[in-house]
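Visitor: Dropping in query_27.pdb, which is PDB, C-alpha atoms:
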ATOM      1  CA  MET A   1     -55.463  65.505-202.958
ATOM      2  CA  GLU A   2     -55.177  63.166-205.951
ATOM      3  CA  VAL A   3     -58.121  63.149-208.343
ATOM      4  CA  VAL A   4     -59.063  59.644-209.466
ATOM      5  CA  LEU A   5     -60.985  59.479-212.694
ATOM      6  CA  SER A   6     -63.300  56.668-213.620
ATOM      7  CA  LEU A   7     -61.897  56.254-217.130
ATOM      8  CA  ASP A   8     -58.746  57.371-218.915
ATOM      9  CA  VAL A   9     -60.361  58.998-221.938
ATOM     10  CA  SER A  10     -58.018  59.933-224.745
ATOM     11  CA  PRO A  11     -58.342  63.428-226.214
ATOM     12  CA  ALA A  12     -59.431  61.864-229.526
ATOM     13  CA  LEU A  13     -62.208  59.832-227.882
ATOM     14  CA  LEU A  14     -63.334  62.820-225.841
ATOM     15  CA  GLU A  15     -63.460  64.953-228.995
ATOM     16  CA  LYS A  16     -65.479  62.261-230.755
ATOM     17  CA  ALA A  17     -67.924  62.100-227.821
ATOM     18  CA  GLU A  18     -68.289  65.888-227.929
ATOM     19  CA  ARG A  19     -69.200  65.669-231.632
ATOM     20  CA  GLY A  20     -71.698  62.813-231.222
ATOM     21  CA  GLU A  21     -72.000  59.141-230.477
ATOM     22  CA  VAL A  22     -69.126  56.800-229.650
ATOM     23  CA  SER A  23     -69.381  53.153-230.664
ATOM     24  CA  ASP A  24     -69.646  50.424-228.056
ATOM     25  CA  ALA A  25     -66.361  48.996-229.364
ATOM     26  CA  GLU A  26     -64.542  52.294-228.744
ATOM     27  CA  PHE A  27     -66.131  52.656-225.318
ATOM     28  CA  VAL A  28     -65.336  49.074-224.287
ATOM     29  CA  ALA A  29     -61.715  49.541-225.421
ATOM     30  CA  CYS A  30     -61.518  52.608-223.165
ATOM     31  CA  VAL A  31     -62.951  50.603-220.258
ATOM     32  CA  ARG A  32     -60.506  47.737-220.863
ATOM     33  CA  GLU A  33     -57.535  50.123-220.849
ATOM     34  CA  SER A  34     -58.778  52.238-217.916
ATOM     35  CA  LEU A  35     -59.956  49.500-215.558
ATOM     36  CA  PRO A  36     -57.615  46.529-216.117
ATOM     37  CA  TYR A  37     -58.382  44.782-212.829
ATOM     38  CA  ALA A  38     -62.149  45.034-213.357
ATOM     39  CA  TRP A  39     -61.695  43.851-216.950
ATOM     40  CA  GLU A  40     -59.677  40.849-215.769
ATOM     41  CA  VAL A  41     -62.264  39.854-213.153
ATOM     42  CA  ILE A  42     -65.241  40.293-215.462
ATOM     43  CA  THR A  43     -63.690  38.520-218.452
ATOM     44  CA  GLY A  44     -62.501  35.731-216.150
ATOM     45  CA  VAL A  45     -65.997  35.173-214.804
ATOM     46  CA  ILE A  46     -67.419  35.271-218.337
ATOM     47  CA  ALA A  47     -64.876  32.669-219.503
ATOM     48  CA  GLU A  48     -65.728  30.483-216.524
ATOM     49  CA  ALA A  49     -69.458  30.798-217.264
ATOM     50  CA  ASP A  50     -68.850  29.903-220.912
ATOM     51  CA  GLY A  51     -67.332  26.615-219.748
ATOM     52  CA  ALA A  52     -70.036  25.868-217.187
ATOM     53  CA  VAL A  53     -72.856  23.497-218.026
ATOM     54  CA  ASP A  54     -75.441  25.881-216.577
ATOM     55  CA  GLY A  55     -73.773  29.049-217.928
ATOM     56  CA  PHE A  56     -73.301  30.526-214.445
ATOM     57  CA  ALA A  57     -70.120  31.648-212.721
ATOM     58  CA  ASP A  58     -69.234  34.136-210.045
ATOM     59  CA  ASN A  59     -66.175  35.646-208.450
ATOM     60  CA  GLU A  60     -66.020  35.774-204.666
ATOM     61  CA  THR A  61     -62.331  36.643-204.316
ATOM     62  CA  PRO A  62     -61.800  40.032-202.665
ATOM     63  CA  PRO A  63     -59.668  42.464-204.674
ATOM     64  CA  PRO A  64     -55.996  42.600-203.657
ATOM     65  CA  SER A  65     -56.090  46.361-203.070
ATOM     66  CA  GLU A  66     -58.479  49.256-202.555
ATOM     67  CA  ALA A  67     -57.497  50.629-205.956
ATOM     68  CA  ASP A  68     -58.570  47.342-207.542
ATOM     69  CA  ARG A  69     -61.803  47.363-205.541
ATOM     70  CA  GLY A  70     -62.423  50.889-206.820
ATOM     71  CA  GLN A  71     -62.053  49.712-210.411
ATOM     72  CA  LEU A  72     -64.607  46.964-209.887
ATOM     73  CA  LEU A  73     -67.008  49.348-208.198
ATOM     74  CA  ARG A  74     -66.660  51.926-210.986
ATOM     75  CA  ALA A  75     -67.223  49.295-213.677
ATOM     76  CA  LEU A  76     -70.316  47.808-212.094
ATOM     77  CA  ALA A  77     -71.863  50.902-210.522
ATOM     78  CA  SER A  78     -71.902  52.851-213.786
ATOM     79  CA  ASP A  79     -74.928  52.076-215.929
ATOM     80  CA  ALA A  80     -72.980  53.070-219.055
ATOM     81  CA  ILE A  81     -69.919  50.928-218.280
ATOM     82  CA  ARG A  82     -71.883  47.928-217.076
ATOM     83  CA  GLY A  83     -74.304  48.175-219.998
ATOM     84  CA  GLY A  84     -71.463  48.494-222.490
ATOM     85  CA  LEU A  85     -69.778  45.398-221.098
ATOM     86  CA  GLU A  86     -73.047  43.456-221.080
ATOM     87  CA  ARG A  87     -73.748  44.359-224.721
ATOM     88  CA  HIS A  88     -70.163  43.632-225.752
ATOM     89  CA  PHE A  89     -70.104  40.178-224.170
ATOM     90  CA  GLY A  90     -73.797  39.326-224.596
ATOM     91  CA  VAL A  91     -74.307  38.582-220.896
ATOM     92  CA  LYS A  92     -76.032  39.974-217.832
ATOM     93  CA  LEU A  93     -73.721  40.998-214.993
ATOM     94  CA  ALA A  94     -74.919  40.927-211.404
ATOM     95  CA  PHE A  95     -73.102  42.380-208.411
ATOM     96  CA  GLN A  96     -73.253  41.924-204.634
ATOM     97  CA  ASN A  97     -71.291  43.577-201.866
ATOM     98  CA  CYS A  98     -68.128  45.197-203.089
ATOM     99  CA  HIS A  99     -66.642  42.426-205.204
ATOM    100  CA  ARG A 100     -68.936  39.473-205.921
ATOM    101  CA  VAL A 101     -69.525  39.535-209.665
ATOM    102  CA  ALA A 102     -71.772  36.979-211.319
ATOM    103  CA  VAL A 103     -72.497  36.449-214.977
ATOM    104  CA  PHE A 104     -75.659  35.053-216.481
ATOM    105  CA  ARG A 105     -76.589  34.250-220.046
ATOM    106  CA  THR A 106     -79.136  36.779-221.213
ATOM    107  CA  SER A 107     -81.620  33.930-221.608
ATOM    108  CA  GLU A 108     -81.254  33.246-217.864
ATOM    109  CA  VAL A 109     -82.228  36.715-216.637
ATOM    110  CA  ASP A 110     -85.677  35.453-215.703
ATOM    111  CA  SER A 111     -84.332  32.260-214.094
ATOM    112  CA  ASP A 112     -84.744  31.303-210.465
ATOM    113  CA  ARG A 113     -80.956  31.488-209.976
ATOM    114  CA  TYR A 114     -80.750  35.039-211.333
ATOM    115  CA  ARG A 115     -83.743  36.243-209.329
ATOM    116  CA  ALA A 116     -82.286  34.634-206.187
ATOM    117  CA  PHE A 117     -78.881  36.271-206.764
ATOM    118  CA  VAL A 118     -80.269  39.782-207.224
ATOM    119  CA  SER A 119     -82.911  39.501-204.504
ATOM    120  CA  VAL A 120     -82.903  41.247-201.143
ATOM    121  CA  ARG A 121     -82.702  37.799-199.544
ATOM    122  CA  GLY A 122     -79.678  36.911-201.679
ATOM    123  CA  GLN A 123     -77.935  40.111-200.662
ATOM    124  CA  LEU A 124     -78.636  39.542-196.968
ATOM    125  CA  LEU A 125     -77.482  35.921-197.085
ATOM    126  CA  ASN A 126     -74.234  37.019-198.725
ATOM    127  CA  GLN A 127     -73.170  39.248-195.822
ATOM    128  CA  SER A 128     -70.248  38.622-193.520
ATOM    129  CA  PRO A 129     -68.530  40.763-190.873
ATOM    130  CA  GLU A 130     -65.289  41.019-192.865
ATOM    131  CA  LEU A 131     -67.163  42.633-195.763
ATOM    132  CA  ARG A 132     -68.870  45.225-193.597
ATOM    133  CA  ASP A 133     -66.548  48.055-194.638
ATOM    134  CA  CYS A 134     -65.561  46.934-198.107
TER
END
Render the structure in this file as structure tokens.

Guide:
Amino acid sequence: MEVVLSLDVSPALLEKAERGEVSDAEFVACVRESLPYAWEVITGVIAEADGAVDGFADNETPPPSEADRGQLLRALASDAIRGGLERHFGVKLAFQNCHRVAVFRTSEVDSDRYRAFVSVRGQLLNQSPELRDC
């Protein structure tokens, strides 16, 4: 059975973590190198939001493979990874189902749109049979 790790941590970065704190920049570089599909999706949504009048964008395109889906899930399910990305980019990431990533300006976290996206109602309204087993 193949063991799939969340991040490809270099021996030097692991040694640094064992000695103490690792900077967000070092951590984010590790994430970028380890989870290229997730990085591409998240940075694409952030770029789209930067160009949007209301600062909102989301990705609803299913990943092309289960390995890619796994990258997205690892990036957004980990508090450390998600938090590192949010701090690095200065945004709030929101996630529904197994691939819908949305980005909000930090000033919009208390907005109606954000609250609607992360609500139970928003989650239920975003369901579809084809996503049942994603």

Visitor: For Cys30 in chain A, find every residue with an atom within 12 Å (counting all atoms listed in the file), except residues of its own chain fewer than 4 positions away, and show them as a list in words.

Guide: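 Selected residues are Ser6, Leu7, Asp8, Val9, Ser10, Pro11, Ala12, Leu13, Leu14, Val22, Ser23, Asp24, Ala25, Glu26, Ser34, Leu35, Pro36, Trp39, Ala75, Ile81, Gly84 and Leu85 of chain A.
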
Visitor: Would you save the residues from that selection as a compact mmCIF listing (two decimals), in the frame of the given file, using C-alpha atoms?

Guide:
# COMPACT_ATOMS: atom_id res chain seq x y z
CA SER A 6 -63.30 56.67 -213.62
CA LEU A 7 -61.90 56.25 -217.13
CA ASP A 8 -58.75 57.37 -218.92
CA VAL A 9 -60.36 59.00 -221.94
CA SER A 10 -58.02 59.93 -224.74
CA PRO A 11 -58.34 63.43 -226.21
CA ALA A 12 -59.43 61.86 -229.53
CA LEU A 13 -62.21 59.83 -227.88
CA LEU A 14 -63.33 62.82 -225.84
CA VAL A 22 -69.13 56.80 -229.65
CA SER A 23 -69.38 53.15 -230.66
CA ASP A 24 -69.65 50.42 -228.06
CA ALA A 25 -66.36 49.00 -229.36
CA GLU A 26 -64.54 52.29 -228.74
CA SER A 34 -58.78 52.24 -217.92
CA LEU A 35 -59.96 49.50 -215.56
CA PRO A 36 -57.62 46.53 -216.12
CA TRP A 39 -61.70 43.85 -216.95
CA ALA A 75 -67.22 49.30 -213.68
CA ILE A 81 -69.92 50.93 -218.28
CA GLY A 84 -71.46 48.49 -222.49
CA LEU A 85 -69.78 45.40 -221.10

Visitor: Could you state the separation of CA of Glu60 in chain A and CA of Ile42 in chain A in Å, given to one decimal place?

Guide: 11.7 Å

Visitor: Which residue, A:Ala47, A:Arg69, A:Ala57, A:Leu76, has the smallest gap to Val31 in chain A when you use all atoms listed in the file?

Guide: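 Of all the options, A:Leu76 lies closest to Val31 in chain A.
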
Visitor: So the first atom is CA of Gly44 in chain A and the second is CA of Val120 in chain A; what is the distance between them in Å, to one decimal place?

Guide: 25.9 Å

Visitor: For Glu108 in chain A, which residue out of A:Phe27, A:Tyr37, A:Phe89, A:Phe56 is the nearest one, using only C-alpha atoms?

Guide: A:Phe56

Visitor: Expressed in Å to a single decimal, how great is the separation between CA of Val41 in chain A and CA of Val101 in chain A?

Guide: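 So the answer is 8.1 Å.
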
Visitor: Taking all atoms listed in the file into account, which of A:Leu124, A:Ala17, A:Val28, A:Glu48 comes nearest Arg87 in chain A?

Guide: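 Of A:Leu124, A:Ala17, A:Val28, A:Glu48, the one nearest Arg87 in chain A, counting all atoms listed in the file, is A:Val28.
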
Visitor: Quick test: take range 94-105 of chain A, keep all heavy atoms, and write it as an mmCIF file, in the first residue's frame.

Guide:
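The file below, decode.cif, is the result:
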data_model
loop_
_atom_site.group_PDB
_atom_site.id
_atom_site.type_symbol
_atom_site.label_atom_id
_atom_site.label_comp_id
_atom_site.auth_asym_id
_atom_site.auth_seq_id
_atom_site.Cartn_x
_atom_site.Cartn_y
_atom_site.Cartn_z
ATOM 1 N N ALA A 94 -12.986 29.896 1.717
ATOM 2 C CA ALA A 94 -14.158 29.136 2.145
ATOM 3 C C ALA A 94 -14.266 27.931 1.225
ATOM 4 O O ALA A 94 -13.841 27.968 0.070
ATOM 5 C CB ALA A 94 -15.407 30.004 2.080
ATOM 6 N N PHE A 95 -14.867 26.850 1.739
ATOM 7 C CA PHE A 95 -14.839 25.582 1.017
ATOM 8 C C PHE A 95 -16.158 24.852 1.199
ATOM 9 O O PHE A 95 -16.672 24.762 2.316
ATOM 10 C CB PHE A 95 -13.684 24.760 1.596
ATOM 11 C CG PHE A 95 -13.340 23.510 0.855
ATOM 12 C CD1 PHE A 95 -13.061 23.517 -0.497
ATOM 13 C CD2 PHE A 95 -13.240 22.307 1.535
ATOM 14 C CE1 PHE A 95 -12.697 22.356 -1.159
ATOM 15 C CE2 PHE A 95 -12.874 21.144 0.889
ATOM 16 C CZ PHE A 95 -12.601 21.167 -0.464
ATOM 17 N N GLN A 96 -16.712 24.355 0.098
ATOM 18 C CA GLN A 96 -17.927 23.536 0.133
ATOM 19 C C GLN A 96 -17.686 22.270 -0.676
ATOM 20 O O GLN A 96 -16.949 22.285 -1.657
ATOM 21 C CB GLN A 96 -19.120 24.267 -0.502
ATOM 22 C CG GLN A 96 -19.726 25.334 0.330
ATOM 23 C CD GLN A 96 -20.959 25.935 -0.352
ATOM 24 O OE1 GLN A 96 -21.251 25.663 -1.510
ATOM 25 N NE2 GLN A 96 -21.659 26.757 0.382
ATOM 26 N N ASN A 97 -18.374 21.229 -0.272
ATOM 27 C CA ASN A 97 -18.280 19.937 -0.947
ATOM 28 C C ASN A 97 -16.837 19.490 -1.004
ATOM 29 O O ASN A 97 -16.108 19.632 -0.051
ATOM 30 C CB ASN A 97 -18.944 19.973 -2.327
ATOM 31 C CG ASN A 97 -20.434 20.147 -2.221
ATOM 32 O OD1 ASN A 97 -21.031 19.837 -1.213
ATOM 33 N ND2 ASN A 97 -21.055 20.667 -3.265
ATOM 34 N N CYS A 98 -16.417 18.991 -2.117
ATOM 35 C CA CYS A 98 -15.058 18.472 -2.209
ATOM 36 C C CYS A 98 -14.193 19.288 -3.160
ATOM 37 O O CYS A 98 -13.059 18.924 -3.409
ATOM 38 C CB CYS A 98 -15.093 17.018 -2.669
ATOM 39 S SG CYS A 98 -16.033 16.822 -4.181
ATOM 40 N N HIS A 99 -14.737 20.395 -3.693
ATOM 41 C CA HIS A 99 -13.904 21.167 -4.610
ATOM 42 C C HIS A 99 -14.304 22.631 -4.774
ATOM 43 O O HIS A 99 -13.587 23.376 -5.427
ATOM 44 C CB HIS A 99 -13.884 20.501 -5.996
ATOM 45 C CG HIS A 99 -15.217 20.511 -6.674
ATOM 46 N ND1 HIS A 99 -16.085 19.463 -6.563
ATOM 47 C CD2 HIS A 99 -15.824 21.432 -7.436
ATOM 48 C CE1 HIS A 99 -17.181 19.745 -7.259
ATOM 49 N NE2 HIS A 99 -17.051 20.923 -7.782
ATOM 50 N N ARG A 100 -15.395 23.071 -4.235
ATOM 51 C CA ARG A 100 -15.806 24.462 -4.444
ATOM 52 C C ARG A 100 -15.061 25.373 -3.469
ATOM 53 O O ARG A 100 -15.336 25.405 -2.283
ATOM 54 C CB ARG A 100 -17.309 24.641 -4.272
ATOM 55 C CG ARG A 100 -17.744 26.049 -4.659
ATOM 56 C CD ARG A 100 -19.233 26.218 -4.657
ATOM 57 N NE ARG A 100 -19.573 27.569 -5.048
ATOM 58 C CZ ARG A 100 -20.710 28.150 -4.765
ATOM 59 N NH1 ARG A 100 -21.649 27.485 -4.111
ATOM 60 N NH2 ARG A 100 -20.926 29.389 -5.139
ATOM 61 N N VAL A 101 -14.114 26.098 -4.003
ATOM 62 C CA VAL A 101 -13.289 27.021 -3.224
ATOM 63 C C VAL A 101 -13.743 28.435 -3.540
ATOM 64 O O VAL A 101 -13.881 28.795 -4.705
ATOM 65 C CB VAL A 101 -11.797 26.893 -3.602
ATOM 66 C CG1 VAL A 101 -10.955 27.850 -2.783
ATOM 67 C CG2 VAL A 101 -11.324 25.470 -3.455
ATOM 68 N N ALA A 102 -13.963 29.213 -2.502
ATOM 69 C CA ALA A 102 -14.298 30.627 -2.677
ATOM 70 C C ALA A 102 -13.287 31.455 -1.918
ATOM 71 O O ALA A 102 -12.696 31.010 -0.938
ATOM 72 C CB ALA A 102 -15.706 30.912 -2.162
ATOM 73 N N VAL A 103 -13.082 32.666 -2.394
ATOM 74 C CA VAL A 103 -12.169 33.584 -1.721
ATOM 75 C C VAL A 103 -12.908 34.883 -1.434
ATOM 76 O O VAL A 103 -13.694 35.361 -2.243
ATOM 77 C CB VAL A 103 -10.894 33.828 -2.568
ATOM 78 C CG1 VAL A 103 -11.190 34.537 -3.865
ATOM 79 C CG2 VAL A 103 -9.869 34.592 -1.775
ATOM 80 N N PHE A 104 -12.661 35.384 -0.242
ATOM 81 C CA PHE A 104 -13.262 36.636 0.202
ATOM 82 C C PHE A 104 -12.158 37.545 0.721
ATOM 83 O O PHE A 104 -11.201 37.073 1.334
ATOM 84 C CB PHE A 104 -14.246 36.379 1.355
ATOM 85 C CG PHE A 104 -15.435 35.562 0.968
ATOM 86 C CD1 PHE A 104 -15.370 34.170 0.991
ATOM 87 C CD2 PHE A 104 -16.622 36.167 0.578
ATOM 88 C CE1 PHE A 104 -16.462 33.409 0.639
ATOM 89 C CE2 PHE A 104 -17.716 35.402 0.217
ATOM 90 C CZ PHE A 104 -17.644 34.021 0.250
ATOM 91 N N ARG A 105 -12.310 38.834 0.483
ATOM 92 C CA ARG A 105 -11.423 39.792 1.137
ATOM 93 C C ARG A 105 -11.654 39.653 2.629
ATOM 94 O O ARG A 105 -12.763 39.372 3.073
ATOM 95 C CB ARG A 105 -11.755 41.210 0.701
ATOM 96 C CG ARG A 105 -11.457 41.487 -0.751
ATOM 97 C CD ARG A 105 -11.794 42.940 -1.086
ATOM 98 N NE ARG A 105 -11.553 43.192 -2.492
ATOM 99 C CZ ARG A 105 -12.415 43.791 -3.300
ATOM 100 N NH1 ARG A 105 -13.575 44.215 -2.841
ATOM 101 N NH2 ARG A 105 -12.113 43.970 -4.559
#
